[in-house]
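Colleague: target.csv (CSV, N, CA and C atoms) pasted underneath:
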chain,number,residue,atom,x,y,z
A,1,MET,N,115.2,105.9,84.7
A,1,MET,CA,115.8,105.6,85.9
A,1,MET,C,117.3,106.0,85.9
A,2,LYS,N,117.9,106.0,84.7
A,2,LYS,CA,119.3,106.4,84.6
A,2,LYS,C,119.4,107.9,85.0
A,3,ASP,N,118.5,108.7,84.6
A,3,ASP,CA,118.5,110.2,85.0
A,3,ASP,C,118.6,110.3,86.5
A,4,ILE,N,117.8,109.5,87.2
A,4,ILE,CA,117.7,109.6,88.7
A,4,ILE,C,119.1,109.2,89.2
A,5,LEU,N,119.6,108.1,88.7
A,5,LEU,CA,120.9,107.6,89.2
A,5,LEU,C,122.0,108.6,88.9
A,6,ASP,N,122.0,109.2,87.7
A,6,ASP,CA,123.0,110.2,87.4
A,6,ASP,C,122.9,111.4,88.4
A,7,ALA,N,121.7,111.8,88.7
A,7,ALA,CA,121.6,112.9,89.6
A,7,ALA,C,122.1,112.6,91.0
A,8,ILE,N,121.8,111.4,91.5
A,8,ILE,CA,122.2,111.0,92.8
A,8,ILE,C,123.8,110.9,92.9
A,9,GLN,N,124.4,110.5,91.8
A,9,GLN,CA,125.8,110.4,91.8
A,9,GLN,C,126.5,111.7,91.4
A,10,SER,N,125.8,112.7,91.0
A,10,SER,CA,126.4,114.0,90.7
A,10,SER,C,126.8,114.7,91.9
A,11,GLN,N,128.0,115.4,91.8
A,11,GLN,CA,128.5,116.2,92.9
A,11,GLN,C,127.8,117.6,92.9
A,12,SER,N,127.1,118.0,91.8
A,12,SER,CA,126.6,119.3,91.6
A,12,SER,C,125.1,119.4,91.6
A,13,ALA,N,124.4,118.3,91.6
A,13,ALA,CA,122.9,118.3,91.5
A,13,ALA,C,122.3,119.0,92.7
A,14,THR,N,121.3,119.9,92.4
A,14,THR,CA,120.6,120.6,93.5
A,14,THR,C,119.3,120.1,93.7
A,15,ALA,N,118.6,120.5,94.8
A,15,ALA,CA,117.3,120.1,95.1
A,15,ALA,C,116.3,120.4,93.9
A,16,ALA,N,116.5,121.5,93.2
A,16,ALA,CA,115.7,121.8,92.1
A,16,ALA,C,116.0,120.8,90.9
A,17,ASP,N,117.2,120.4,90.8
A,17,ASP,CA,117.5,119.3,89.8
A,17,ASP,C,116.7,118.1,90.1
A,18,PHE,N,116.7,117.7,91.3
A,18,PHE,CA,115.9,116.4,91.7
A,18,PHE,C,114.4,116.6,91.5
A,19,ALA,N,113.9,117.8,91.8
A,19,ALA,CA,112.5,118.1,91.7
A,19,ALA,C,112.1,118.1,90.2
A,20,ALA,N,113.0,118.4,89.3
A,20,ALA,CA,112.7,118.5,87.9
A,20,ALA,C,112.8,117.1,87.2
A,21,LEU,N,113.3,116.1,87.9
A,21,LEU,CA,113.4,114.8,87.2
A,21,LEU,C,112.1,114.2,87.0
A,22,PRO,N,111.8,113.6,85.8
A,22,PRO,CA,110.6,112.9,85.5
A,22,PRO,C,110.6,111.6,86.3
A,23,LEU,N,109.5,111.2,86.8
A,23,LEU,CA,109.3,109.9,87.5
A,23,LEU,C,109.0,108.8,86.5
A,24,PRO,N,109.6,107.7,86.7
A,24,PRO,CA,109.3,106.5,85.8
A,24,PRO,C,107.8,106.1,86.0
A,25,ASP,N,107.2,105.5,85.0
A,25,ASP,CA,105.9,105.0,85.1
A,25,ASP,C,105.8,103.7,86.0
A,26,SER,N,106.9,103.0,86.1
A,26,SER,CA,106.9,101.8,86.9
A,26,SER,C,108.2,101.5,87.5
A,27,TYR,N,108.3,100.5,88.4
A,27,TYR,CA,109.6,100.1,88.9
A,27,TYR,C,109.6,98.6,89.2
A,28,ARG,N,110.7,98.0,89.4
A,28,ARG,CA,110.8,96.6,89.8
A,28,ARG,C,110.7,96.5,91.3
A,29,ALA,N,109.9,95.5,91.7
A,29,ALA,CA,109.7,95.3,93.1
A,29,ALA,C,109.5,93.8,93.4
A,30,ILE,N,109.9,93.4,94.6
A,30,ILE,CA,109.6,92.1,95.1
A,30,ILE,C,108.2,92.1,95.7
A,31,THR,N,107.3,91.3,95.2
A,31,THR,CA,105.9,91.3,95.7
A,31,THR,C,105.4,89.9,96.1
A,32,VAL,N,104.4,90.0,96.9
A,32,VAL,CA,103.6,88.8,97.2
A,32,VAL,C,102.2,89.0,96.5
A,33,HIS,N,101.5,87.9,96.2
A,33,HIS,CA,100.2,88.1,95.4
A,33,HIS,C,99.1,87.6,96.3
A,34,LYS,N,98.0,88.4,96.3
A,34,LYS,CA,96.8,88.1,97.1
A,34,LYS,C,96.2,86.8,96.8
A,35,ASP,N,96.3,86.3,95.5
A,35,ASP,CA,95.6,85.0,95.2
A,35,ASP,C,96.5,83.8,95.6
A,36,GLU,N,97.6,84.1,96.3
A,36,GLU,CA,98.5,83.0,96.8
A,36,GLU,C,98.5,82.9,98.3
A,37,THR,N,97.6,83.7,99.0
A,37,THR,CA,97.7,83.7,100.5
A,37,THR,C,97.5,82.3,101.1
A,38,GLU,N,96.8,81.4,100.4
A,38,GLU,CA,96.6,80.1,101.0
A,38,GLU,C,97.5,79.0,100.5
A,39,MET,N,98.6,79.4,99.8
A,39,MET,CA,99.4,78.4,99.2
A,39,MET,C,100.2,77.6,100.3
A,40,PHE,N,100.3,78.1,101.5
A,40,PHE,CA,101.0,77.3,102.5
A,40,PHE,C,100.1,76.7,103.6
A,41,ASP,N,98.8,76.8,103.3
A,41,ASP,CA,97.8,76.3,104.3
A,41,ASP,C,98.2,74.8,104.6
A,42,GLY,N,98.2,74.5,105.9
A,42,GLY,CA,98.4,73.1,106.4
A,42,GLY,C,99.9,72.8,106.6
A,43,LEU,N,100.8,73.7,106.3
A,43,LEU,CA,102.2,73.5,106.5
A,43,LEU,C,102.7,74.1,107.8
A,44,ALA,N,103.6,73.5,108.4
A,44,ALA,CA,104.3,74.2,109.6
A,44,ALA,C,105.1,75.3,109.1
A,45,SER,N,105.3,76.3,109.9
A,45,SER,CA,106.1,77.5,109.5
A,45,SER,C,107.4,77.1,108.9
A,46,ARG,N,108.1,76.2,109.5
A,46,ARG,CA,109.4,75.8,109.1
A,46,ARG,C,109.4,75.2,107.7
A,47,ASP,N,108.3,74.7,107.3
A,47,ASP,CA,108.2,74.0,106.0
A,47,ASP,C,107.7,75.0,104.8
A,48,LYS,N,107.5,76.2,105.2
A,48,LYS,CA,107.0,77.2,104.2
A,48,LYS,C,108.2,77.8,103.5
A,49,ASP,N,108.3,77.8,102.2
A,49,ASP,CA,109.5,78.3,101.5
A,49,ASP,C,109.2,79.6,100.9
A,50,PRO,N,109.7,80.7,101.4
A,50,PRO,CA,109.4,82.1,100.9
A,50,PRO,C,109.7,82.2,99.4
A,51,ARG,N,110.7,81.5,98.9
A,51,ARG,CA,111.0,81.6,97.5
A,51,ARG,C,109.8,81.3,96.6
A,52,LYS,N,108.9,80.5,97.1
A,52,LYS,CA,107.7,80.1,96.3
A,52,LYS,C,106.7,81.3,96.2
A,53,SER,N,106.7,82.2,97.1
A,53,SER,CA,105.6,83.2,97.1
A,53,SER,C,106.2,84.6,96.7
A,54,LEU,N,107.5,84.7,96.6
A,54,LEU,CA,108.1,86.0,96.2
A,54,LEU,C,108.2,86.1,94.7
A,55,HIS,N,107.8,87.3,94.2
A,55,HIS,CA,107.8,87.5,92.7
A,55,HIS,C,108.6,88.8,92.4
A,56,LEU,N,109.3,88.8,91.4
A,56,LEU,CA,109.9,90.1,90.9
A,56,LEU,C,109.0,90.6,89.8
A,57,ASP,N,108.3,91.7,90.1
A,57,ASP,CA,107.3,92.3,89.2
A,57,ASP,C,107.7,93.7,88.8
A,58,GLN,N,107.1,94.1,87.7
A,58,GLN,CA,107.2,95.5,87.3
A,58,GLN,C,105.8,96.1,87.8
A,59,VAL,N,105.9,97.1,88.7
A,59,VAL,CA,104.6,97.6,89.3
A,59,VAL,C,104.6,99.1,89.0
A,60,PRO,N,103.4,99.7,88.9
A,60,PRO,CA,103.3,101.1,88.6
A,60,PRO,C,103.7,102.0,89.8
A,61,VAL,N,104.3,103.1,89.5
A,61,VAL,CA,104.7,104.1,90.6
A,61,VAL,C,103.3,104.6,91.1
A,62,PRO,N,103.1,104.6,92.4
A,62,PRO,CA,101.8,105.0,92.9
A,62,PRO,C,101.7,106.5,92.9
A,63,GLU,N,100.4,107.0,92.8
A,63,GLU,CA,100.2,108.4,92.9
A,63,GLU,C,100.4,108.8,94.4
A,64,LEU,N,100.9,110.0,94.6
A,64,LEU,CA,101.1,110.4,96.0
A,64,LEU,C,99.9,111.0,96.6
A,65,GLY,N,99.6,110.8,97.8
A,65,GLY,CA,98.6,111.4,98.6
A,65,GLY,C,99.1,112.4,99.5
A,66,PRO,N,98.3,113.2,100.2
A,66,PRO,CA,98.8,114.2,101.2
A,66,PRO,C,99.7,113.6,102.2
A,67,GLY,N,100.8,114.2,102.5
A,67,GLY,CA,101.7,113.7,103.5
A,67,GLY,C,102.6,112.5,103.0
A,68,GLU,N,102.5,112.1,101.8
A,68,GLU,CA,103.3,111.0,101.3
A,68,GLU,C,104.5,111.5,100.4
A,69,ALA,N,105.5,110.7,100.3
A,69,ALA,CA,106.7,111.0,99.5
A,69,ALA,C,107.1,109.7,98.8
A,70,LEU,N,107.7,109.9,97.7
A,70,LEU,CA,108.4,108.8,97.0
A,70,LEU,C,109.8,108.8,97.5
A,71,VAL,N,110.3,107.6,97.7
A,71,VAL,CA,111.7,107.4,98.2
A,71,VAL,C,112.4,106.5,97.1
A,72,ALA,N,113.6,106.9,96.6
A,72,ALA,CA,114.3,106.1,95.7
A,72,ALA,C,115.2,105.1,96.5
A,73,VAL,N,114.8,103.9,96.4
A,73,VAL,CA,115.6,102.8,97.2
A,73,VAL,C,116.6,102.3,96.3
A,74,MET,N,117.9,102.4,96.7
A,74,MET,CA,119.0,101.9,95.8
A,74,MET,C,119.4,100.5,96.2
A,75,ALA,N,119.1,100.1,97.4
A,75,ALA,CA,119.4,98.7,97.8
A,75,ALA,C,118.5,98.3,98.9
A,76,SER,N,118.3,97.0,99.1
A,76,SER,CA,117.4,96.5,100.2
A,76,SER,C,117.9,95.2,100.6
A,77,SER,N,117.3,94.6,101.6
A,77,SER,CA,117.7,93.3,102.0
A,77,SER,C,116.5,92.6,102.6
A,78,VAL,N,116.7,91.3,102.9
A,78,VAL,CA,115.6,90.5,103.5
A,78,VAL,C,115.8,90.6,105.0
A,79,ASN,N,114.7,90.8,105.7
A,79,ASN,CA,114.7,90.7,107.2
A,79,ASN,C,113.5,89.8,107.6
A,80,TYR,N,113.3,89.7,108.9
A,80,TYR,CA,112.2,88.8,109.4
A,80,TYR,C,110.9,89.3,108.9
A,81,ASN,N,110.6,90.6,108.8
A,81,ASN,CA,109.4,91.1,108.3
A,81,ASN,C,109.1,90.6,106.9
A,82,SER,N,110.2,90.6,106.1
A,82,SER,CA,110.0,90.1,104.7
A,82,SER,C,109.7,88.6,104.7
A,83,VAL,N,110.3,87.9,105.5
A,83,VAL,CA,110.0,86.4,105.6
A,83,VAL,C,108.6,86.2,106.0
A,84,TRP,N,108.2,86.9,107.1
A,84,TRP,CA,106.8,86.7,107.6
A,84,TRP,C,105.8,87.1,106.5
A,85,THR,N,106.1,88.2,105.9
A,85,THR,CA,105.1,88.6,104.8
A,85,THR,C,105.1,87.5,103.7
A,86,SER,N,106.2,86.9,103.4
A,86,SER,CA,106.2,86.0,102.3
A,86,SER,C,105.6,84.6,102.6
A,87,ILE,N,105.5,84.3,103.9
A,87,ILE,CA,104.8,83.1,104.3
A,87,ILE,C,103.4,83.4,104.9
A,88,PHE,N,103.0,84.7,104.8
A,88,PHE,CA,101.7,85.1,105.2
A,88,PHE,C,101.4,84.8,106.7
A,89,GLU,N,102.5,85.1,107.5
A,89,GLU,CA,102.4,84.9,108.9
A,89,GLU,C,102.8,86.1,109.7
A,90,PRO,N,102.4,86.4,110.9
A,90,PRO,CA,101.3,85.7,111.6
A,90,PRO,C,100.0,85.9,110.9
A,91,LEU,N,99.8,87.0,110.2
A,91,LEU,CA,98.6,87.3,109.4
A,91,LEU,C,99.0,87.8,108.0
A,92,SER,N,98.2,87.6,107.0
A,92,SER,CA,98.5,88.1,105.7
A,92,SER,C,98.4,89.6,105.8
A,93,THR,N,99.3,90.3,105.1
A,93,THR,CA,99.2,91.8,105.0
A,93,THR,C,98.0,92.2,104.2
A,94,PHE,N,97.4,91.3,103.4
A,94,PHE,CA,96.3,91.7,102.6
A,94,PHE,C,95.0,92.0,103.4
A,95,GLY,N,94.9,91.4,104.6
A,95,GLY,CA,93.7,91.7,105.4
A,95,GLY,C,93.8,93.1,105.9
A,96,PHE,N,95.0,93.5,106.3
A,96,PHE,CA,95.2,94.9,106.8
A,96,PHE,C,94.9,95.9,105.6
A,97,LEU,N,95.5,95.6,104.5
A,97,LEU,CA,95.4,96.5,103.3
A,97,LEU,C,93.9,96.6,102.8
A,98,GLU,N,93.1,95.5,102.9
A,98,GLU,CA,91.7,95.6,102.6
A,98,GLU,C,91.0,96.5,103.5
A,99,ARG,N,91.2,96.3,104.9
A,99,ARG,CA,90.6,97.2,105.8
A,99,ARG,C,91.0,98.6,105.7
A,100,TYR,N,92.3,98.9,105.5
A,100,TYR,CA,92.8,100.2,105.3
A,100,TYR,C,92.1,100.8,104.0
A,101,GLY,N,92.0,100.0,103.0
A,101,GLY,CA,91.4,100.5,101.7
A,101,GLY,C,90.0,101.0,101.9
A,102,ARG,N,89.3,100.5,102.9
A,102,ARG,CA,87.9,100.9,103.1
A,102,ARG,C,87.7,102.2,103.8
A,103,LEU,N,88.8,102.8,104.3
A,103,LEU,CA,88.7,104.0,105.1
A,103,LEU,C,88.4,105.2,104.3
A,104,SER,N,88.8,105.3,103.1
A,104,SER,CA,88.6,106.5,102.3
A,104,SER,C,88.9,106.3,100.8
A,105,GLU,N,88.6,107.3,100.0
A,105,GLU,CA,89.0,107.2,98.6
A,105,GLU,C,90.5,107.1,98.5
A,106,LEU,N,91.2,107.9,99.3
A,106,LEU,CA,92.6,108.0,99.2
A,106,LEU,C,93.3,106.6,99.6
A,107,THR,N,92.7,106.0,100.6
A,107,THR,CA,93.4,104.7,101.1
A,107,THR,C,92.9,103.5,100.2
A,108,LYS,N,91.9,103.7,99.4
A,108,LYS,CA,91.4,102.6,98.5
A,108,LYS,C,92.5,102.1,97.6
A,109,ARG,N,93.4,103.0,97.2
A,109,ARG,CA,94.5,102.6,96.3
A,109,ARG,C,95.5,101.6,96.8
A,110,HIS,N,95.4,101.4,98.1
A,110,HIS,CA,96.3,100.4,98.8
A,110,HIS,C,95.8,99.0,98.7
A,111,ASP,N,94.5,98.8,98.4
A,111,ASP,CA,93.9,97.5,98.3
A,111,ASP,C,94.1,97.0,96.9
A,112,LEU,N,95.3,96.3,96.7
A,112,LEU,CA,95.7,95.8,95.4
A,112,LEU,C,95.8,94.3,95.4
A,113,PRO,N,95.9,93.7,94.3
A,113,PRO,CA,96.1,92.2,94.2
A,113,PRO,C,97.6,91.8,94.5
A,114,TYR,N,98.4,92.7,94.8
A,114,TYR,CA,99.8,92.4,95.1
A,114,TYR,C,100.2,93.4,96.2
A,115,HIS,N,101.3,93.0,96.9
A,115,HIS,CA,101.9,93.9,98.0
A,115,HIS,C,103.4,93.9,97.8
A,116,VAL,N,103.9,95.1,97.7
A,116,VAL,CA,105.4,95.2,97.6
A,116,VAL,C,105.9,95.0,99.0
A,117,ILE,N,106.8,94.1,99.2
A,117,ILE,CA,107.3,93.8,100.5
A,117,ILE,C,108.4,94.8,100.9
A,118,GLY,N,108.6,94.9,102.2
A,118,GLY,CA,109.6,95.8,102.7
A,118,GLY,C,109.0,96.6,103.9
A,119,SER,N,109.9,97.0,104.7
A,119,SER,CA,109.4,97.8,105.9
A,119,SER,C,110.5,98.8,106.3
When written as structure tokens, how does the structure in this file appear?
Modeller:
Amino acid sequence: MKDILDAIQSQSATAADFAALPLPDSYRAITVHKDETEMFDGLASRDKDPRKSLHLDQVPVPELGPGEALVAVMASSVNYNSVWTSIFEPLSTFGFLERYGRLSELTKRHDLPYHVIGS
């Protein structure tokens, strides 16, 4: 990860320099877990605490498919989509990801036991 940061901060790094950088095997991400989608059942939205469902995990860097790109995110923040995802409202993202995963061999890799939040 340090090599990527050094290249970003370099005044002289070229596109070829970035293309030659090795990708890490994994990265830290804030995730929600599929096996916790019912943790807030029976609670009013205002009583659901996002801190209980958000996890800091080390997750594998995904393989790229056609038309996809990896983006180095240097900073992020919480917005309403993050909160809704974390309390599994109005619908859990896992339902969408399961359906999407059934479309093809390529999309199957999105049906995971965790979801990296962000939009």
Colleague: Rounded to one decimal in Å, what is the spacing between atom C of Pro113 (chain A) and CA of Val32 (chain A)?
Modeller: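 So the two atoms, atom C of Pro113 (chain A) and CA of Val32 (chain A), lie 7.2 Å apart.
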Colleague: Identify which of the residues A:Pro60, A:Leu54, A:Arg99, A:Gly65 lies closest to Ser86 (chain A), counting only C-alpha atoms when measuring atom-to-atom distances.
Modeller: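 Looking at the shortest contact to Ser86 (chain A), the residue is A:Leu54.
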Colleague: Ser53 (chain A): which residues within 8 Å, counting all atoms listed in the file, same-chain residues fewer than 4 positions away excluded, as a list in words?
Modeller: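 Neighbouring residues, sequence-local ones excluded: Ile30, Thr31, Val32, His33, Glu36, Lys48, Asp49, Thr85, Ser86 and Ile87 of chain A.
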Colleague: Work out how far atom N of Gly67 (chain A) is from atom N of Asp6 (chain A), in Å to one decimal.
Modeller: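 According to the coordinates, atom N of Asp6 (chain A) and atom N of Gly67 (chain A) are separated by 26.3 Å.
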Colleague: Find the residues around Glu38 (chain A) up to 10 Å (only C-alpha atoms counted), leave out those fewer than 3 positions away in its own chain, and share them as a PyMOL selection string.
Modeller: chain A and resi 34-35+41-42+87-88+92
Colleague: Within 8 Å of (103.0, 95.6, 87.9), in the coordinates the file gives, what residues turn up when you count all atoms listed in the file, written out as a list of chain:residue names?
Modeller: A:Ser26, A:Tyr27, A:Ala29, A:Asp57, A:Gln58, A:Val59, A:Pro60, A:Val61
Colleague: Using atom N of Thr93 (chain A) and atom N of Phe40 (chain A) as the two end points, give the distance in Å to one decimal.
Modeller: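 If I compute the distance from atom N of Thr93 (chain A) to atom N of Phe40 (chain A), I get 12.8 Å.
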Colleague: As a ChimeraX atom specification, please: all residues of region 3-116 of chain A that backbone DSSP puts in alpha helix (DSSP H).
Modeller: /A:3-9,15-19,80-86,93-101
Colleague: Tell me which of A:Leu106, A:Leu5, A:Ala16, A:Val83 sits closest to Pro50 (chain A), counting all atoms listed in the file.
Modeller: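 Counting all atoms listed in the file, the residue closest to Pro50 (chain A) is A:Val83.
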Colleague: So that I can check the secondary structure, give me every residue of chain A assigned strand (DSSP E) by backbone DSSP, as a list in words.
Modeller: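 The residues of chain A classed as strand (DSSP E) are Ser26, Tyr27, Arg28, Ala29, Ile30, Thr31, Val32, His33, His55, Leu56, Asp57, Gln58, Val59, Pro60, Tyr114, His115 and Val116 of chain A.
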Colleague: Restricting the calculation to only C-alpha atoms: of A:Gly95, A:Pro90, A:Gly101, A:Pro24, which residue gets closest to Ser45 (chain A)?
Modeller: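 Nearest to Ser45 (chain A): A:Pro90.
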Colleague: Can you tell me, as a list of chain:residue names, what residues are no more than 7 Å from Leu97 (chain A) when counting all atoms listed in the file, ignoring any on the same chain fewer than 5 positions away?
Modeller: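 Surrounding residues, per the criterion: A:Ser92, A:Arg102, A:His110, A:Asp111, A:Leu112.
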Colleague: Would you mind completing region 24-40 of chain A to N, CA, C and O atoms and writing the output as a compact mmCIF listing (two decimals), in the frame of the given file?
Modeller:
# COMPACT_ATOMS: atom_id res chain seq x y z
N PRO A 24 109.60 107.70 86.70
CA PRO A 24 109.30 106.50 85.80
C PRO A 24 107.80 106.10 86.00
O PRO A 24 107.20 106.43 87.02
N ASP A 25 107.20 105.50 85.00
CA ASP A 25 105.90 105.00 85.10
C ASP A 25 105.80 103.70 86.00
O ASP A 25 104.73 103.48 86.63
N SER A 26 106.90 103.00 86.10
CA SER A 26 106.90 101.80 86.90
C SER A 26 108.20 101.50 87.50
O SER A 26 109.21 102.17 87.12
N TYR A 27 108.30 100.50 88.40
CA TYR A 27 109.60 100.10 88.90
C TYR A 27 109.60 98.60 89.20
O TYR A 27 108.48 98.00 89.27
N ARG A 28 110.70 98.00 89.40
CA ARG A 28 110.80 96.60 89.80
C ARG A 28 110.70 96.50 91.30
O ARG A 28 111.32 97.21 92.04
N ALA A 29 109.90 95.50 91.70
CA ALA A 29 109.70 95.30 93.10
C ALA A 29 109.50 93.80 93.40
O ALA A 29 109.06 93.04 92.56
N ILE A 30 109.90 93.40 94.60
CA ILE A 30 109.60 92.10 95.10
C ILE A 30 108.20 92.10 95.70
O ILE A 30 107.91 92.94 96.59
N THR A 31 107.30 91.30 95.20
CA THR A 31 105.90 91.30 95.70
C THR A 31 105.40 89.90 96.10
O THR A 31 106.04 88.90 95.82
N VAL A 32 104.40 90.00 96.90
CA VAL A 32 103.60 88.80 97.20
C VAL A 32 102.20 89.00 96.50
O VAL A 32 101.80 90.17 96.34
N HIS A 33 101.50 87.90 96.20
CA HIS A 33 100.20 88.10 95.40
C HIS A 33 99.10 87.60 96.30
O HIS A 33 99.15 86.58 96.98
N LYS A 34 98.00 88.40 96.30
CA LYS A 34 96.80 88.10 97.10
C LYS A 34 96.20 86.80 96.80
O LYS A 34 95.74 86.09 97.69
N ASP A 35 96.30 86.30 95.50
CA ASP A 35 95.60 85.00 95.20
C ASP A 35 96.50 83.80 95.60
O ASP A 35 96.10 82.70 95.39
N GLU A 36 97.60 84.10 96.30
CA GLU A 36 98.50 83.00 96.80
C GLU A 36 98.50 82.90 98.30
O GLU A 36 99.28 82.13 98.85
N THR A 37 97.60 83.70 99.00
CA THR A 37 97.70 83.70 100.50
C THR A 37 97.50 82.30 101.10
O THR A 37 97.91 82.13 102.24
N GLU A 38 96.80 81.40 100.40
CA GLU A 38 96.60 80.10 101.00
C GLU A 38 97.50 79.00 100.50
O GLU A 38 97.33 77.86 100.85
N MET A 39 98.60 79.40 99.80
CA MET A 39 99.40 78.40 99.20
C MET A 39 100.20 77.60 100.30
O MET A 39 100.59 76.45 99.95
N PHE A 40 100.30 78.10 101.50
CA PHE A 40 101.00 77.30 102.50
C PHE A 40 100.10 76.70 103.60
O PHE A 40 100.58 76.23 104.58
